[in-house]
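Enquirer: So here's protein00.cif, just mmCIF, C-alpha atoms:
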```cif
data_entry
#
loop_
_atom_site.label_atom_id
_atom_site.label_comp_id
_atom_site.auth_asym_id
_atom_site.auth_seq_id
_atom_site.Cartn_x
_atom_site.Cartn_y
_atom_site.Cartn_z
CA MET A 1 0.00 0.00 0.00
CA GLU A 2 1.92 2.97 -1.33
CA GLU A 3 0.23 5.50 0.95
CA LEU A 4 1.23 3.55 4.06
CA LYS A 5 4.79 3.09 2.81
CA LYS A 6 5.09 6.83 2.26
CA ARG A 7 3.77 7.59 5.72
CA ILE A 8 6.27 5.16 7.28
CA LEU A 9 9.21 6.64 5.37
CA LYS A 10 8.11 10.19 6.14
CA GLU A 11 6.94 9.95 9.75
CA ALA A 12 8.05 6.76 11.50
CA GLN A 13 10.80 7.11 14.06
CA VAL A 14 13.54 4.59 14.67
CA GLY A 15 14.28 3.51 18.22
CA GLU A 16 16.88 1.11 19.56
CA GLY A 17 17.77 -1.79 17.28
CA ASP A 18 14.99 -2.41 14.80
CA ILE A 19 12.28 -0.67 16.83
CA ILE A 20 10.09 1.54 14.65
CA ARG A 21 7.59 3.93 16.12
CA VAL A 22 4.41 4.58 14.21
CA ASP A 23 2.35 5.96 17.07
CA MET A 24 1.80 9.19 15.14
CA PHE A 25 -0.70 7.56 12.77
CA LEU A 26 -1.20 3.88 13.67
CA ASN A 27 -1.30 2.97 17.34
CA HIS A 28 -1.67 5.92 19.71
CA CYS A 29 -2.65 8.80 17.51
CA ILE A 30 -4.67 7.25 14.66
CA ASP A 31 -5.32 8.63 11.19
CA PRO A 32 -8.76 7.09 10.64
CA ALA A 33 -8.85 7.84 6.90
CA LEU A 34 -5.53 6.03 6.42
CA LEU A 35 -6.78 3.14 8.57
CA GLU A 36 -10.02 2.95 6.59
CA ARG A 37 -8.03 2.60 3.36
CA ALA A 38 -5.72 0.06 5.02
CA GLY A 39 -8.76 -1.96 6.13
CA LYS A 40 -10.14 -1.88 2.59
CA ALA A 41 -6.79 -3.02 1.19
CA LEU A 42 -6.55 -5.95 3.63
CA ALA A 43 -10.18 -6.88 2.96
CA LYS A 44 -9.55 -6.85 -0.78
CA GLY A 45 -6.68 -9.31 -0.36
CA PHE A 46 -8.84 -11.80 1.54
CA ARG A 47 -12.22 -11.27 -0.13
CA GLY A 48 -12.04 -14.66 -1.87
CA GLU A 49 -11.58 -16.47 1.44
CA ARG A 50 -15.19 -16.25 2.69
CA VAL A 51 -14.16 -14.63 5.98
CA ASP A 52 -16.76 -14.93 8.76
CA LYS A 53 -14.97 -12.87 11.40
CA VAL A 54 -11.91 -10.70 11.94
CA LEU A 55 -9.92 -11.43 15.10
CA THR A 56 -7.28 -9.18 16.64
CA VAL A 57 -5.61 -8.41 19.99
CA GLU A 58 -6.29 -5.35 22.12
CA SER A 59 -5.42 -2.55 21.93
CA SER A 60 -3.35 -1.57 18.93
CA GLY A 61 -4.99 -4.03 16.53
CA ILE A 62 -8.53 -2.79 17.14
CA ALA A 63 -8.59 0.10 14.67
CA VAL A 64 -7.24 -1.82 11.67
CA ALA A 65 -9.42 -4.83 12.56
CA CYS A 66 -12.57 -2.67 12.70
CA PHE A 67 -11.93 -1.15 9.30
CA THR A 68 -11.02 -4.52 7.74
CA ALA A 69 -14.16 -6.09 9.19
CA LEU A 70 -16.26 -3.17 7.97
CA ALA A 71 -14.93 -3.61 4.43
CA LEU A 72 -15.58 -7.37 4.59
CA GLY A 73 -19.04 -6.91 6.11
CA VAL A 74 -18.29 -9.17 9.09
CA PRO A 75 -17.87 -8.67 12.88
CA ALA A 76 -14.54 -7.75 14.45
CA LEU A 77 -13.53 -9.50 17.67
CA TYR A 78 -10.61 -8.57 19.90
CA ALA A 79 -8.87 -10.92 22.28
CA LYS A 80 -8.60 -9.27 25.69
CA LYS A 81 -5.10 -8.91 26.98
CA PHE A 82 -5.78 -6.90 30.12
CA GLN A 83 -7.91 -7.62 33.19
CA SER A 84 -10.26 -4.73 32.52
CA GLY A 85 -13.93 -4.46 31.81
CA TYR A 86 -16.43 -7.25 31.65
CA ILE A 87 -15.67 -10.50 29.95
CA ASP A 88 -17.83 -13.59 29.92
CA PRO A 89 -16.20 -16.13 32.28
CA HIS A 90 -16.44 -18.83 29.59
CA VAL A 91 -13.35 -18.07 27.53
CA TYR A 92 -10.76 -19.58 25.25
CA THR A 93 -7.30 -18.58 26.46
CA ALA A 94 -3.73 -18.61 25.19
CA GLU A 95 -0.53 -17.64 26.96
CA VAL A 96 1.63 -15.25 24.98
CA HIS A 97 5.14 -14.03 25.65
CA SER A 98 5.97 -10.48 24.64
CA PHE A 99 9.64 -10.07 23.82
CA SER A 100 9.34 -6.29 23.71
CA LEU A 101 7.72 -6.13 27.16
CA GLU A 102 9.70 -9.09 28.52
CA LYS A 103 6.62 -10.59 30.12
CA SER A 104 3.84 -13.03 29.43
CA TYR A 105 0.14 -12.38 29.30
CA THR A 106 -3.08 -14.28 28.72
CA LEU A 107 -5.28 -13.69 25.70
CA ARG A 108 -8.97 -14.29 26.34
CA VAL A 109 -11.89 -14.57 23.92
CA ALA A 110 -15.44 -15.31 25.07
CA ARG A 111 -16.42 -18.74 23.74
CA ARG A 112 -19.77 -17.51 22.47
CA TYR A 113 -18.11 -15.27 19.88
CA LEU A 114 -16.00 -17.94 18.16
CA THR A 115 -17.88 -20.84 16.66
CA SER A 116 -16.67 -24.18 15.36
CA GLY A 117 -16.24 -24.05 11.61
CA GLU A 118 -15.98 -20.25 11.38
CA ARG A 119 -13.45 -18.84 8.94
CA VAL A 120 -11.37 -16.29 10.83
CA LEU A 121 -8.99 -13.64 9.48
CA LEU A 122 -6.30 -12.64 11.98
CA VAL A 123 -5.40 -8.96 11.86
CA ASP A 124 -2.91 -6.78 13.70
CA ASP A 125 -1.15 -3.47 13.34
CA ILE A 126 2.40 -4.84 13.36
CA LEU A 127 3.74 -8.36 12.84
CA SER A 128 7.11 -8.78 14.51
CA SER A 129 7.98 -11.97 16.43
CA GLY A 130 4.48 -13.25 15.73
CA GLN A 131 3.73 -14.23 19.33
CA ALA A 132 0.38 -12.44 19.47
CA ILE A 133 -0.78 -14.02 16.19
CA LEU A 134 0.38 -17.46 17.39
CA GLY A 135 -1.75 -16.90 20.51
CA LEU A 136 -4.76 -16.01 18.34
CA LEU A 137 -4.14 -19.11 16.22
CA GLU A 138 -4.22 -21.24 19.35
CA ILE A 139 -7.54 -19.69 20.37
CA VAL A 140 -9.01 -20.19 16.89
CA SER A 141 -7.89 -23.82 17.00
CA ARG A 142 -9.38 -24.39 20.47
CA ALA A 143 -12.69 -23.06 19.15
CA GLY A 144 -12.62 -25.48 16.23
CA ALA A 145 -12.58 -22.50 13.88
CA GLN A 146 -10.24 -22.07 10.94
CA ALA A 147 -7.68 -19.31 10.37
CA VAL A 148 -7.88 -18.27 6.73
CA GLY A 149 -4.89 -15.95 6.88
CA VAL A 150 -3.09 -13.11 8.59
CA GLY A 151 -3.40 -9.48 7.52
CA VAL A 152 -1.22 -6.78 9.05
CA ALA A 153 -0.52 -3.15 8.32
CA ILE A 154 3.24 -3.53 8.84
CA GLU A 155 5.40 -6.64 8.82
CA LYS A 156 8.89 -6.45 10.23
CA ALA A 157 10.91 -8.89 8.12
CA THR A 158 13.73 -8.17 10.56
CA ARG A 159 11.92 -10.59 12.90
CA GLU A 160 10.89 -14.16 12.29
CA GLY A 161 7.11 -13.92 12.83
CA GLY A 162 6.06 -13.74 9.18
CA ALA A 163 8.42 -16.55 8.14
CA VAL A 164 7.22 -18.81 10.97
CA LEU A 165 3.56 -18.25 10.08
CA ARG A 166 4.15 -18.84 6.36
CA ARG A 167 6.03 -22.08 7.12
CA MET A 168 2.88 -23.16 8.97
CA GLY A 169 1.08 -22.80 5.65
CA LEU A 170 -0.69 -19.57 6.53
CA ARG A 171 -1.19 -16.83 4.02
CA VAL A 172 0.32 -13.63 5.47
CA GLU A 173 -0.37 -10.29 3.81
CA ALA A 174 1.30 -7.05 4.89
CA LEU A 175 0.53 -3.60 3.48
CA ALA A 176 4.13 -2.56 4.10
CA THR A 177 7.16 -4.67 4.96
CA VAL A 178 10.21 -3.38 6.78
CA ALA A 179 13.20 -5.14 5.21
CA ARG A 180 15.90 -3.59 7.37
CA VAL A 181 16.62 -0.77 9.77
CA GLU A 182 20.11 0.60 9.16
CA ASP A 183 21.76 3.65 10.67
CA GLY A 184 18.42 5.01 11.82
CA GLN A 185 16.92 4.56 8.35
CA ILE A 186 13.94 2.32 7.57
CA LEU A 187 14.25 0.30 4.37
CA LEU A 188 10.99 -1.09 3.00
CA GLU A 189 10.47 -3.98 0.59
CA GLY A 190 8.92 -3.30 -2.80
CA MET B 1 -29.97 6.57 17.69
CA GLU B 2 -32.88 4.19 17.16
CA GLU B 3 -30.73 1.38 15.73
CA LEU B 4 -28.50 1.32 18.81
CA LYS B 5 -31.49 1.45 21.16
CA LYS B 6 -33.03 -1.55 19.38
CA ARG B 7 -29.78 -3.51 19.61
CA ILE B 8 -29.52 -2.78 23.33
CA LEU B 9 -33.10 -3.84 24.00
CA LYS B 10 -32.75 -6.96 21.85
CA GLU B 11 -29.24 -8.16 22.72
CA ALA B 12 -27.80 -6.55 25.86
CA GLN B 13 -27.61 -8.72 28.94
CA VAL B 14 -28.18 -7.53 32.47
CA GLY B 15 -25.67 -8.46 35.16
CA GLU B 16 -25.64 -7.68 38.85
CA GLY B 17 -27.22 -4.38 39.88
CA ASP B 18 -27.25 -2.01 36.92
CA ILE B 19 -24.50 -3.78 34.96
CA ILE B 20 -25.35 -4.10 31.29
CA ARG B 21 -23.30 -6.22 28.92
CA VAL B 22 -22.99 -5.09 25.36
CA ASP B 23 -19.91 -7.09 24.46
CA MET B 24 -21.84 -8.80 21.64
CA PHE B 25 -21.72 -5.69 19.43
CA LEU B 26 -19.85 -2.88 21.19
CA ASN B 27 -16.79 -3.82 23.21
CA HIS B 28 -15.46 -7.33 22.63
CA CYS B 29 -17.24 -8.48 19.53
CA ILE B 30 -17.80 -5.35 17.44
CA ASP B 31 -20.37 -4.73 14.72
CA PRO B 32 -18.34 -2.31 12.59
CA ALA B 33 -21.28 -1.18 10.47
CA LEU B 34 -23.22 -0.22 13.61
CA LEU B 35 -20.12 1.53 14.99
CA GLU B 36 -19.63 3.40 11.72
CA ARG B 37 -23.19 4.73 11.94
CA ALA B 38 -22.70 5.54 15.64
CA GLY B 39 -19.54 7.47 14.78
CA LYS B 40 -21.40 9.41 12.09
CA ALA B 41 -24.22 10.22 14.53
CA LEU B 42 -21.80 11.51 17.18
CA ALA B 43 -19.88 13.49 14.57
CA LYS B 44 -23.11 15.08 13.33
CA GLY B 45 -23.91 16.25 16.85
CA PHE B 46 -20.55 18.01 17.23
CA ARG B 47 -19.92 19.17 13.67
CA GLY B 48 -20.49 22.82 14.60
CA GLU B 49 -17.83 22.67 17.31
CA ARG B 50 -14.76 22.79 15.03
CA VAL B 51 -13.28 19.63 16.55
CA ASP B 52 -9.53 19.19 15.99
CA LYS B 53 -9.11 15.78 17.59
CA VAL B 54 -11.10 12.95 19.13
CA LEU B 55 -9.72 11.58 22.41
CA THR B 56 -10.71 8.30 24.05
CA VAL B 57 -9.37 5.67 26.47
CA GLU B 58 -8.10 2.22 25.49
CA SER B 59 -9.46 -0.26 24.77
CA SER B 60 -13.21 -0.19 24.50
CA GLY B 61 -13.42 3.42 23.32
CA ILE B 62 -11.12 2.95 20.34
CA ALA B 63 -13.68 1.68 17.81
CA VAL B 64 -16.29 4.39 18.38
CA ALA B 65 -13.56 7.06 18.55
CA CYS B 66 -12.07 5.94 15.21
CA PHE B 67 -15.41 6.08 13.43
CA THR B 68 -16.32 9.44 15.00
CA ALA B 69 -12.94 10.87 14.01
CA LEU B 70 -13.30 9.48 10.49
CA ALA B 71 -16.68 11.18 10.11
CA LEU B 72 -15.24 14.46 11.45
CA GLY B 73 -12.11 14.21 9.29
CA VAL B 74 -9.75 14.52 12.28
CA PRO B 75 -7.27 12.22 14.08
CA ALA B 76 -8.31 9.90 16.90
CA LEU B 77 -6.07 9.62 19.95
CA TYR B 78 -6.37 7.08 22.74
CA ALA B 79 -5.05 7.52 26.23
CA LYS B 80 -3.02 4.47 27.21
CA LYS B 81 -4.26 2.69 30.29
CA PHE B 82 -1.96 -0.32 30.24
CA GLN B 83 1.81 -0.65 30.37
CA SER B 84 2.03 -2.21 26.94
CA GLY B 85 3.62 -1.20 23.69
CA TYR B 86 5.69 1.85 23.05
CA ILE B 87 4.74 5.23 24.36
CA ASP B 88 6.80 8.38 24.19
CA PRO B 89 8.22 9.02 27.67
CA HIS B 90 7.00 12.63 27.55
CA VAL B 91 3.38 12.21 28.59
CA TYR B 92 0.46 13.94 30.22
CA THR B 93 -0.99 11.68 32.91
CA ALA B 94 -4.09 11.43 35.05
CA GLU B 95 -4.93 8.99 37.81
CA VAL B 96 -8.32 7.37 37.43
CA HIS B 97 -10.25 5.16 39.82
CA SER B 98 -12.39 2.44 38.33
CA PHE B 99 -15.34 1.58 40.56
CA SER B 100 -16.16 -1.51 38.52
CA LEU B 101 -12.61 -2.88 38.79
CA GLU B 102 -12.04 -1.48 42.30
CA LYS B 103 -8.60 -0.22 41.40
CA SER B 104 -6.84 2.86 40.08
CA TYR B 105 -4.85 3.27 36.92
CA THR B 106 -2.87 5.93 35.13
CA LEU B 107 -3.96 7.41 31.80
CA ARG B 108 -1.09 8.51 29.58
CA VAL B 109 -1.08 10.59 26.41
CA ALA B 110 2.10 11.55 24.59
CA ARG B 111 2.55 15.31 24.84
CA ARG B 112 3.32 15.67 21.16
CA TYR B 113 -0.21 14.60 20.20
CA LEU B 114 -2.12 17.15 22.26
CA THR B 115 -1.43 20.77 21.52
CA SER B 116 -2.31 23.93 23.39
CA GLY B 117 -5.46 25.46 21.95
CA GLU B 118 -6.71 22.30 20.27
CA ARG B 119 -10.44 21.63 20.41
CA VAL B 120 -10.90 18.08 21.64
CA LEU B 121 -14.01 15.88 21.59
CA LEU B 122 -13.99 13.20 24.30
CA VAL B 123 -15.53 9.92 23.19
CA ASP B 124 -16.17 6.60 24.90
CA ASP B 125 -18.32 3.50 24.51
CA ILE B 126 -20.12 3.79 27.86
CA LEU B 127 -20.46 6.70 30.28
CA SER B 128 -21.14 5.46 33.79
CA SER B 129 -19.44 7.04 36.82
CA GLY B 130 -17.53 9.32 34.44
CA GLN B 131 -14.11 8.64 35.97
CA ALA B 132 -12.41 7.88 32.65
CA ILE B 133 -13.82 11.04 31.04
CA LEU B 134 -12.76 13.11 34.06
CA GLY B 135 -9.25 11.69 33.61
CA LEU B 136 -9.28 12.69 29.93
CA LEU B 137 -10.50 16.16 30.91
CA GLU B 138 -7.55 16.51 33.26
CA ILE B 139 -5.15 15.53 30.47
CA VAL B 140 -6.79 17.96 28.02
CA SER B 141 -6.49 20.70 30.61
CA ARG B 142 -2.82 19.91 31.33
CA ALA B 143 -2.14 20.22 27.61
CA GLY B 144 -3.79 23.63 27.46
CA ALA B 145 -6.34 22.20 25.03
CA GLN B 146 -10.09 22.65 25.26
CA ALA B 147 -12.74 19.95 25.65
CA VAL B 148 -15.62 20.83 23.35
CA GLY B 149 -17.89 18.06 24.62
CA VAL B 150 -18.39 14.41 25.40
CA GLY B 151 -19.91 11.91 22.99
CA VAL B 152 -20.72 8.36 24.07
CA ALA B 153 -22.58 5.45 22.56
CA ILE B 154 -24.37 4.61 25.82
CA GLU B 155 -24.93 6.73 28.91
CA LYS B 156 -26.03 5.06 32.09
CA ALA B 157 -28.26 7.62 33.81
CA THR B 158 -28.28 5.17 36.73
CA ARG B 159 -24.83 6.58 37.54
CA GLU B 160 -23.79 10.14 38.16
CA GLY B 161 -21.15 10.61 35.44
CA GLY B 162 -23.32 12.42 32.90
CA ALA B 163 -24.86 14.72 35.53
CA VAL B 164 -21.43 15.61 36.95
CA LEU B 165 -20.02 16.45 33.53
CA ARG B 166 -23.06 18.54 32.57
CA ARG B 167 -22.83 20.47 35.85
CA MET B 168 -19.26 21.30 34.82
CA GLY B 169 -20.78 23.00 31.77
CA LEU B 170 -19.82 20.27 29.32
CA ARG B 171 -22.09 19.25 26.52
CA VAL B 172 -22.68 15.50 26.81
CA GLU B 173 -24.35 13.61 23.98
CA ALA B 174 -25.32 9.93 24.21
CA LEU B 175 -26.76 7.85 21.37
CA ALA B 176 -28.73 5.80 23.89
CA THR B 177 -29.40 6.44 27.57
CA VAL B 178 -30.18 3.74 30.09
CA ALA B 179 -32.76 5.25 32.47
CA ARG B 180 -33.12 2.27 34.79
CA VAL B 181 -32.44 -1.42 35.09
CA GLU B 182 -35.35 -3.16 36.82
CA ASP B 183 -35.96 -6.85 37.33
CA GLY B 184 -33.40 -7.73 34.71
CA GLN B 185 -35.01 -5.36 32.18
CA ILE B 186 -33.25 -2.37 30.61
CA LEU B 187 -35.35 0.77 30.34
CA LEU B 188 -34.08 3.40 27.90
CA GLU B 189 -34.89 7.10 27.79
CA GLY B 190 -36.70 8.50 24.78
#
```
What does the file become when written as structure tokens?

Expert:
Amino acid sequence: MEELKKRILKEAQVGEGDIIRVDMFLNHCIDPALLERAGKALAKGFRGERVDKVLTVESSGIAVACFTALALGVPALYAKKFQSGYIDPHVYTAEVHSFSLEKSYTLRVARRYLTSGERVLLVDDILSSGQAILGLLEIVSRAGAQAVGVGVAIEKATREGGAVLRRMGLRVEALATVARVEDGQILLEG
Amino acid sequence: MEELKKRILKEAQVGEGDIIRVDMFLNHCIDPALLERAGKALAKGFRGERVDKVLTVESSGIAVACFTALALGVPALYAKKFQSGYIDPHVYTAEVHSFSLEKSYTLRVARRYLTSGERVLLVDDILSSGQAILGLLEIVSRAGAQAVGVGVAIEKATREGGAVLRRMGLRVEALATVARVEDGQILLEG
């Protein structure tokens, strides 16, 4: 998605190592018009897959998941990561380790919102080590549903998440892929 | 908003006391088409206010804030509530007590995304005791910005939040207002 690539090259900030900060338009301050177009682009890529539901992780995946689900005409569902707000006690869970936060957390999805046989598209803002998506995959599997693919705004090819998921046979689509981060510069694929 | 009122009356579940659960379309599983129309309705109500930015709290406010911001053609910003993911160390903060969770938490917004003089619309999924909105108001005030009003999908008039905010001179608009919860039945205003 050319527009997203331009925004990354123009606005994203580089932190330590391969950390890239896109909180100026993607995951703290949000440009909703950009996200709407990103959702449409992800939906277009998976339209042939008969998606029943879009599944993401709170909080940074919610915006892109909502716009993807809107474009596909299906519900969006977010796995809860924090002990906050009501959640049905009957849940599917998965333990996830965050390398960036150096801690583990539990993803929870109410059982009533994932049904056996459903075709689920996994969506997130950034795909890095892939731990969050692997947790969602576990939850989808526990529910007897089927993951039809993974759609992300940004994939960091500097980390192994995308490669791991593709080796599992999953289709992974990214609207922009970070090939390398060198000397404070972000280099994108394509 | 008649559509939202119908969904509440048809689908919402009543918990203990005046707890209402709307996680089947609003804040776990999300109906993005309903949220898009809710965002448009909130935007319509505040269009004359020259809104520069929509501000909400993670996680359950993000969807309605994104769609409201999209309809207004402005950015959406969410105050971080959890220690997760990157946030600029230069933040405005506010301490908020959650009565439902019986604990306090810190809201954080990166200073660079709230500017002195900006006209900010505060948005959330549900207005109950009003603590989260009061925290956002504090952050807006610290930034030297101006709150132009509060827009929520659902106001619970069973709690004092809306009345407190209105007594402060704020305009508060709700798309549906829960007047009472009696014998497991939700009674809406209007």

Enquirer: Could you list, as number ranges by chain, every residue of chain B that has an atom within 10 Å of an atom of chain A, counting all atoms listed in the file?

Expert: B: 15, 19-36, 53-55, 58-60, 62-88, 98, 100-101, 109-110, 112-114

Enquirer: Could you save the residues just selected, with C-alpha atoms, as a PDB file, keeping the file's coordinate frame?

Expert:
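Written output follows (result14.pdb):
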```pdb
ATOM      1  CA  GLY B  15     -25.670  -8.460  35.160  1.00  0.00           C
ATOM      2  CA  ILE B  19     -24.500  -3.780  34.960  1.00  0.00           C
ATOM      3  CA  ILE B  20     -25.350  -4.100  31.290  1.00  0.00           C
ATOM      4  CA  ARG B  21     -23.300  -6.220  28.920  1.00  0.00           C
ATOM      5  CA  VAL B  22     -22.990  -5.090  25.360  1.00  0.00           C
ATOM      6  CA  ASP B  23     -19.910  -7.090  24.460  1.00  0.00           C
ATOM      7  CA  MET B  24     -21.840  -8.800  21.640  1.00  0.00           C
ATOM      8  CA  PHE B  25     -21.720  -5.690  19.430  1.00  0.00           C
ATOM      9  CA  LEU B  26     -19.850  -2.880  21.190  1.00  0.00           C
ATOM     10  CA  ASN B  27     -16.790  -3.820  23.210  1.00  0.00           C
ATOM     11  CA  HIS B  28     -15.460  -7.330  22.630  1.00  0.00           C
ATOM     12  CA  CYS B  29     -17.240  -8.480  19.530  1.00  0.00           C
ATOM     13  CA  ILE B  30     -17.800  -5.350  17.440  1.00  0.00           C
ATOM     14  CA  ASP B  31     -20.370  -4.730  14.720  1.00  0.00           C
ATOM     15  CA  PRO B  32     -18.340  -2.310  12.590  1.00  0.00           C
ATOM     16  CA  ALA B  33     -21.280  -1.180  10.470  1.00  0.00           C
ATOM     17  CA  LEU B  34     -23.220  -0.220  13.610  1.00  0.00           C
ATOM     18  CA  LEU B  35     -20.120   1.530  14.990  1.00  0.00           C
ATOM     19  CA  GLU B  36     -19.630   3.400  11.720  1.00  0.00           C
ATOM     20  CA  LYS B  53      -9.110  15.780  17.590  1.00  0.00           C
ATOM     21  CA  VAL B  54     -11.100  12.950  19.130  1.00  0.00           C
ATOM     22  CA  LEU B  55      -9.720  11.580  22.410  1.00  0.00           C
ATOM     23  CA  GLU B  58      -8.100   2.220  25.490  1.00  0.00           C
ATOM     24  CA  SER B  59      -9.460  -0.260  24.770  1.00  0.00           C
ATOM     25  CA  SER B  60     -13.210  -0.190  24.500  1.00  0.00           C
ATOM     26  CA  ILE B  62     -11.120   2.950  20.340  1.00  0.00           C
ATOM     27  CA  ALA B  63     -13.680   1.680  17.810  1.00  0.00           C
ATOM     28  CA  VAL B  64     -16.290   4.390  18.380  1.00  0.00           C
ATOM     29  CA  ALA B  65     -13.560   7.060  18.550  1.00  0.00           C
ATOM     30  CA  CYS B  66     -12.070   5.940  15.210  1.00  0.00           C
ATOM     31  CA  PHE B  67     -15.410   6.080  13.430  1.00  0.00           C
ATOM     32  CA  THR B  68     -16.320   9.440  15.000  1.00  0.00           C
ATOM     33  CA  ALA B  69     -12.940  10.870  14.010  1.00  0.00           C
ATOM     34  CA  LEU B  70     -13.300   9.480  10.490  1.00  0.00           C
ATOM     35  CA  ALA B  71     -16.680  11.180  10.110  1.00  0.00           C
ATOM     36  CA  LEU B  72     -15.240  14.460  11.450  1.00  0.00           C
ATOM     37  CA  GLY B  73     -12.110  14.210   9.290  1.00  0.00           C
ATOM     38  CA  VAL B  74      -9.750  14.520  12.280  1.00  0.00           C
ATOM     39  CA  PRO B  75      -7.270  12.220  14.080  1.00  0.00           C
ATOM     40  CA  ALA B  76      -8.310   9.900  16.900  1.00  0.00           C
ATOM     41  CA  LEU B  77      -6.070   9.620  19.950  1.00  0.00           C
ATOM     42  CA  TYR B  78      -6.370   7.080  22.740  1.00  0.00           C
ATOM     43  CA  ALA B  79      -5.050   7.520  26.230  1.00  0.00           C
ATOM     44  CA  LYS B  80      -3.020   4.470  27.210  1.00  0.00           C
ATOM     45  CA  LYS B  81      -4.260   2.690  30.290  1.00  0.00           C
ATOM     46  CA  PHE B  82      -1.960  -0.320  30.240  1.00  0.00           C
ATOM     47  CA  GLN B  83       1.810  -0.650  30.370  1.00  0.00           C
ATOM     48  CA  SER B  84       2.030  -2.210  26.940  1.00  0.00           C
ATOM     49  CA  GLY B  85       3.620  -1.200  23.690  1.00  0.00           C
ATOM     50  CA  TYR B  86       5.690   1.850  23.050  1.00  0.00           C
ATOM     51  CA  ILE B  87       4.740   5.230  24.360  1.00  0.00           C
ATOM     52  CA  ASP B  88       6.800   8.380  24.190  1.00  0.00           C
ATOM     53  CA  SER B  98     -12.390   2.440  38.330  1.00  0.00           C
ATOM     54  CA  SER B 100     -16.160  -1.510  38.520  1.00  0.00           C
ATOM     55  CA  LEU B 101     -12.610  -2.880  38.790  1.00  0.00           C
ATOM     56  CA  VAL B 109      -1.080  10.590  26.410  1.00  0.00           C
ATOM     57  CA  ALA B 110       2.100  11.550  24.590  1.00  0.00           C
ATOM     58  CA  ARG B 112       3.320  15.670  21.160  1.00  0.00           C
ATOM     59  CA  TYR B 113      -0.210  14.600  20.200  1.00  0.00           C
ATOM     60  CA  LEU B 114      -2.120  17.150  22.260  1.00  0.00           C
TER      61      LEU B 114
END
```

Enquirer: On this structure, the PyMOL selection byres ((chain B and resi 153-155) around 9) would catch which residues? List them as a list in words, sorted by chain and number.

Expert: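 Checking the PyMOL selection byres ((chain B and resi 153-155) around 9) against this file, the residues are Met1, Leu4, Leu26, Leu35, Ala38, Gly39, Leu42, Val64, Val123, Asp124, Asp125, Ile126, Leu127, Ser128, Gly151, Val152, Lys156, Ala157, Thr158, Arg159, Gly161, Gly162, Glu173, Ala174, Leu175, Ala176, Thr177, Val178 and Ala179 of chain B.
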
Enquirer: Can you measure atom CA of Thr93 of chain B to atom CA of Glu11 of chain A for me? One decimal in Å is fine.

Expert: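 One can read the atom CA of Thr93 of chain B to atom CA of Glu11 of chain A distance as 24.5 Å.
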
Enquirer: Would you mind telling me which residue in B:Glu16, B:Glu160, B:Glu2, B:Glu138 lies nearest to Val181 of chain B when using all atoms listed in the file?

Expert: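 Using all atoms listed in the file, Val181 of chain B sits closest to B:Glu16.
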
Enquirer: Do a neighbour search on Val120 of chain A at 6 Å with all atoms listed in the file, toss out local chain neighbours closer than 5 positions, and write the hits as a PDB file with C-alpha atoms, in the frame of the given file.

Expert:
```pdb
ATOM      1  CA  VAL A  51     -14.160 -14.630   5.980  1.00  0.00           C
ATOM      2  CA  ASP A  52     -16.760 -14.930   8.760  1.00  0.00           C
ATOM      3  CA  LYS A  53     -14.970 -12.870  11.400  1.00  0.00           C
ATOM      4  CA  VAL A  54     -11.910 -10.700  11.940  1.00  0.00           C
ATOM      5  CA  GLN A 146     -10.240 -22.070  10.940  1.00  0.00           C
ATOM      6  CA  ALA A 147      -7.680 -19.310  10.370  1.00  0.00           C
ATOM      7  CA  VAL A 148      -7.880 -18.270   6.730  1.00  0.00           C
TER       8      VAL A 148
END
```

Enquirer: Can I get segment 176-184 of chain B with N, CA and C atoms filled in, as a tab-separated table (two decimals), keeping the file's coordinate frame?

Expert:
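Just written: selection_32.tsv:
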```tsv
chain	number	residue	atom	x	y	z
B	176	ALA	N	-27.68	6.53	23.16
B	176	ALA	CA	-28.73	5.80	23.89
B	176	ALA	C	-28.48	6.02	25.37
B	177	THR	N	-29.54	6.20	26.13
B	177	THR	CA	-29.40	6.44	27.57
B	177	THR	C	-30.22	5.42	28.35
B	178	VAL	N	-29.52	4.72	29.23
B	178	VAL	CA	-30.18	3.74	30.09
B	178	VAL	C	-30.76	4.50	31.29
B	179	ALA	N	-32.10	4.53	31.37
B	179	ALA	CA	-32.76	5.25	32.47
B	179	ALA	C	-32.73	4.42	33.74
B	180	ARG	N	-33.08	3.16	33.62
B	180	ARG	CA	-33.12	2.27	34.79
B	180	ARG	C	-32.90	0.84	34.34
B	181	VAL	N	-32.47	0.02	35.31
B	181	VAL	CA	-32.44	-1.42	35.09
B	181	VAL	C	-33.29	-2.02	36.21
B	182	GLU	N	-34.39	-2.64	35.83
B	182	GLU	CA	-35.35	-3.16	36.82
B	182	GLU	C	-35.72	-4.59	36.51
B	183	ASP	N	-35.57	-5.44	37.50
B	183	ASP	CA	-35.96	-6.85	37.33
B	183	ASP	C	-35.35	-7.46	36.07
B	184	GLY	N	-34.08	-7.16	35.85
B	184	GLY	CA	-33.40	-7.73	34.71
B	184	GLY	C	-33.80	-7.12	33.37
```
